[in-house]
$ cat query-v7.csv   # CSV, C-alpha atoms
chain,number,residue,atom,x,y,z
S,26,MET,CA,202.4,96.0,-49.9
S,27,MET,CA,200.3,98.9,-48.6
S,28,THR,CA,202.2,101.7,-46.9
S,29,ILE,CA,201.2,102.7,-43.4
S,30,LYS,CA,199.7,106.0,-44.8
S,31,LYS,CA,197.5,103.9,-47.2
S,32,ARG,CA,196.4,101.6,-44.4
S,33,GLN,CA,195.6,104.7,-42.2
S,34,GLN,CA,193.5,106.2,-45.1
S,35,ALA,CA,191.7,102.9,-45.5
S,36,ILE,CA,190.7,103.1,-41.8
S,37,VAL,CA,189.5,106.7,-42.2
S,38,ASP,CA,187.5,105.6,-45.2
S,39,ASP,CA,186.0,102.7,-43.3
S,40,PHE,CA,185.0,105.0,-40.5
S,41,ASP,CA,183.5,107.5,-42.9
S,42,PHE,CA,181.3,104.8,-44.3
S,43,PHE,CA,179.3,104.7,-41.0
S,44,ASP,CA,176.9,107.4,-40.1
S,45,ASP,CA,176.8,107.1,-36.3
S,46,TRP,CA,179.1,106.0,-33.5
S,47,SER,CA,177.1,102.9,-32.6
S,48,ASP,CA,178.0,101.5,-36.0
S,49,LYS,CA,181.6,102.6,-35.7
S,50,TYR,CA,181.8,100.9,-32.3
S,51,ALA,CA,180.3,97.7,-33.8
S,52,TYR,CA,183.0,97.9,-36.5
S,53,LEU,CA,185.7,98.3,-33.9
S,54,ILE,CA,184.4,95.4,-31.8
S,55,GLY,CA,184.5,93.3,-35.0
S,56,LEU,CA,188.2,94.2,-35.5
S,57,GLY,CA,188.8,93.0,-32.0
S,58,LYS,CA,187.1,89.7,-32.7
S,59,SER,CA,189.5,89.0,-35.6
S,60,LEU,CA,192.7,89.2,-33.5
S,61,GLU,CA,195.0,86.3,-33.8
S,62,PRO,CA,195.3,84.2,-30.6
S,63,PHE,CA,197.7,85.5,-28.1
S,64,PRO,CA,200.0,82.9,-26.4
S,65,GLU,CA,198.8,82.3,-22.8
S,66,ASP,CA,202.4,82.1,-21.5
S,67,LYS,CA,202.9,85.8,-22.6
S,68,LYS,CA,200.0,87.0,-20.6
S,69,ASP,CA,202.5,88.1,-17.9
S,70,GLU,CA,203.8,91.3,-16.3
S,71,ALA,CA,206.6,91.7,-18.9
S,72,HIS,CA,204.1,91.9,-21.8
S,73,MET,CA,201.4,94.0,-20.0
S,74,VAL,CA,200.9,97.5,-21.3
S,75,LYS,CA,200.9,99.9,-18.5
S,76,GLY,CA,198.4,102.8,-18.5
S,77,CYS,CA,195.5,100.8,-19.8
S,78,GLN,CA,192.3,100.6,-17.7
S,79,SER,CA,191.7,97.1,-18.9
S,80,GLN,CA,194.3,94.3,-19.2
S,81,VAL,CA,196.3,94.5,-22.4
S,82,TRP,CA,199.2,92.4,-23.4
S,83,PHE,CA,201.5,93.1,-26.4
S,84,ASP,CA,204.3,91.2,-28.1
S,85,ALA,CA,206.3,91.8,-31.2
S,86,ILE,CA,208.6,89.8,-33.4
S,87,LEU,CA,210.9,91.0,-36.2
S,88,ASP,CA,210.5,88.8,-39.2
S,89,ASP,CA,212.3,89.5,-42.4
S,90,GLY,CA,212.8,93.1,-41.4
S,91,LYS,CA,209.2,93.7,-40.5
S,92,LEU,CA,207.6,94.0,-37.1
S,93,LYS,CA,204.6,91.7,-36.5
S,94,PHE,CA,202.6,92.7,-33.4
S,95,TYR,CA,200.4,90.4,-31.4
S,96,ALA,CA,198.1,91.7,-28.7
S,97,VAL,CA,195.0,90.9,-26.6
S,98,SER,CA,192.7,92.6,-24.1
S,99,ASP,CA,190.0,91.5,-21.7
S,100,ALA,CA,187.7,94.3,-23.0
S,101,ALA,CA,185.8,94.3,-26.3
S,102,ILE,CA,186.3,98.0,-27.3
S,103,VAL,CA,190.0,97.8,-26.3
S,104,SER,CA,190.4,94.7,-28.4
S,105,GLY,CA,188.9,96.7,-31.3
S,106,LEU,CA,191.4,99.4,-30.7
S,107,ILE,CA,194.2,96.8,-30.8
S,108,GLY,CA,192.7,95.4,-34.0
S,109,LEU,CA,192.8,98.9,-35.5
S,110,LEU,CA,196.4,99.5,-34.5
S,111,LEU,CA,197.6,96.1,-35.7
S,112,LYS,CA,195.8,96.7,-39.0
S,113,VAL,CA,197.8,99.9,-39.5
S,114,TYR,CA,201.3,99.0,-38.0
S,115,SER,CA,201.8,95.2,-38.0
S,116,GLY,CA,203.8,94.0,-41.0
S,117,SER,CA,205.7,97.3,-41.4
S,118,THR,CA,209.4,97.9,-41.0
S,119,PRO,CA,210.5,99.6,-37.8
S,120,LYS,CA,211.7,102.7,-39.8
S,121,GLU,CA,208.3,103.0,-41.5
S,122,ILE,CA,206.6,102.9,-38.1
S,123,VAL,CA,208.8,105.6,-36.5
S,124,SER,CA,208.5,107.8,-39.6
S,125,SER,CA,204.7,107.7,-39.5
S,126,ASP,CA,202.2,109.8,-37.7
S,127,THR,CA,199.0,109.1,-35.9
S,128,ASP,CA,196.9,111.9,-37.5
S,129,PHE,CA,194.4,109.3,-38.7
S,130,MET,CA,193.2,108.9,-35.1
S,131,SER,CA,191.9,112.4,-34.9
S,132,GLU,CA,190.5,112.2,-38.5
S,133,ILE,CA,188.2,109.3,-37.4
S,134,GLY,CA,187.3,111.2,-34.2
S,135,LEU,CA,188.3,108.5,-31.7
S,136,ALA,CA,189.6,110.9,-29.0
S,137,LYS,CA,186.2,112.6,-28.8
S,138,HIS,CA,184.3,109.3,-28.4
S,139,LEU,CA,186.5,107.4,-26.0
S,140,SER,CA,186.5,107.9,-22.2
S,141,PRO,CA,189.7,109.6,-20.8
S,142,THR,CA,190.9,106.3,-19.4
S,143,ARG,CA,190.4,104.5,-22.8
S,144,ASN,CA,192.2,107.4,-24.5
S,145,ASN,CA,195.1,107.0,-22.1
S,146,GLY,CA,195.2,103.3,-22.8
S,147,LEU,CA,195.1,103.9,-26.6
S,148,HIS,CA,198.1,106.2,-26.2
S,149,ALA,CA,199.9,103.6,-24.1
S,150,MET,CA,199.4,101.0,-26.9
S,151,ILE,CA,200.6,103.5,-29.5
S,152,ASN,CA,203.7,104.3,-27.3
S,153,TYR,CA,204.4,100.5,-27.1
S,154,ILE,CA,204.3,100.2,-30.9
S,155,TYR,CA,206.5,103.2,-31.6
S,156,GLY,CA,208.8,102.4,-28.7
S,157,THR,CA,209.3,98.8,-30.0
S,158,ALA,CA,209.9,100.0,-33.5
S,159,GLN,CA,212.4,102.6,-32.2
S,160,LYS,CA,214.4,99.9,-30.4
S,161,TYR,CA,214.9,98.1,-33.7
S,162,VAL,CA,215.8,101.3,-35.6
S,163,ASP,CA,218.4,102.1,-33.0
S,164,VAL,CA,219.9,98.6,-33.2
S,165,SER,CA,220.2,98.8,-37.0
S,166,ALA,CA,221.5,102.4,-37.1

$ encode --input "query-v7.csv" --output "structure tokens"
Amino acid sequence: MMTIKKRQQAIVDDFDFFDDWSDKYAYLIGLGKSLEPFPEDKKDEAHMVKGCQSQVWFDAILDDGKLKFYAVSDAAIVSGLIGLLLKVYSGSTPKEIVSSDTDFMSEIGLAKHLSPTRNNGLHAMINYIYGTAQKYVDVSA
């Protein structure tokens, strides 16, 4: 099983492979297209991530000590950001998640190439992931 750090490095390597941002955006959109289906009955206020310009819904289940995240958005780039985050964090233990950092985001240069509102949404999704993991860490502590 790959650690979060190794998955983050794999994302950095993937982004380094592309020379320009149009190719990187195409890669991101491809990640979004590979998201697992999100249950329609969870597209509600309780699962909506606040702070995103587009509509974003998240859910998480703890299975065998690992958090599995599910999410969907109505926007292609945001779906790609979701795909990126799930690739890194889904399938990790809550403790691994809260112990990890998000430095890989600045390494790939996302902040410089996203609009301020998309950046806010990205941080809202990261906060959801870390907040969910923290709840499970607190319960088991």

$ closest_residue --input "query-v7.csv" --among "S:Gly57, S:Gly156, S:Pro141, S:Pro62" --to "S:Ser104" --atoms "all atoms listed in the file"
S:Gly57

$ residues_around --input "query-v7.csv" --residues "stretch 94-102 of chain S" --least-positions-apart "5" --cutoff "10 Å" --atoms "only C-alpha atoms" --output "ChimeraX atom specification"
/S:50-58,60-64,67-68,72-74,77-87,107-108,110-112,114-117,139,143,150,154,157

$ closest_residue --input "query-v7.csv" --among "S:Ile36, S:Val103, S:Leu109, S:Val162" --to "S:Thr142" --atoms "only C-alpha atoms"
S:Val103

$ closest_residue --input "query-v7.csv" --among "S:Lys49, S:Leu92, S:Asp126, S:Gly76" --to "S:Asn145" --atoms "all atoms listed in the file"
S:Gly76

$ atom_distance --input "query-v7.csv" --atom1 "atom CA of S:Met130" --atom2 "atom CA of S:Gly146"
13.7 Å

$ atom_distance --input "query-v7.csv" --atom1 "atom CA of S:Phe129" --atom2 "atom CA of S:Lys30"
8.7 Å

$ closest_residue --input "query-v7.csv" --among "S:Ser124, S:Thr118, S:Asp45, S:Asp69" --to "S:Asp89" --atoms "only C-alpha atoms"
S:Thr118

$ closest_residue --input "query-v7.csv" --among "S:Asn144, S:Ala158, S:Asp128, S:Ala149" --to "S:Val37" --atoms "all atoms listed in the file"
S:Asp128

$ closest_residue --input "query-v7.csv" --among "S:Leu106, S:Asp66, S:Ile122, S:His138" --to "S:Ser47" --atoms "all atoms listed in the file"
S:His138

$ atom_distance --input "query-v7.csv" --atom1 "atom CA of S:Glu132" --atom2 "atom CA of S:Gln159"
24.7 Å
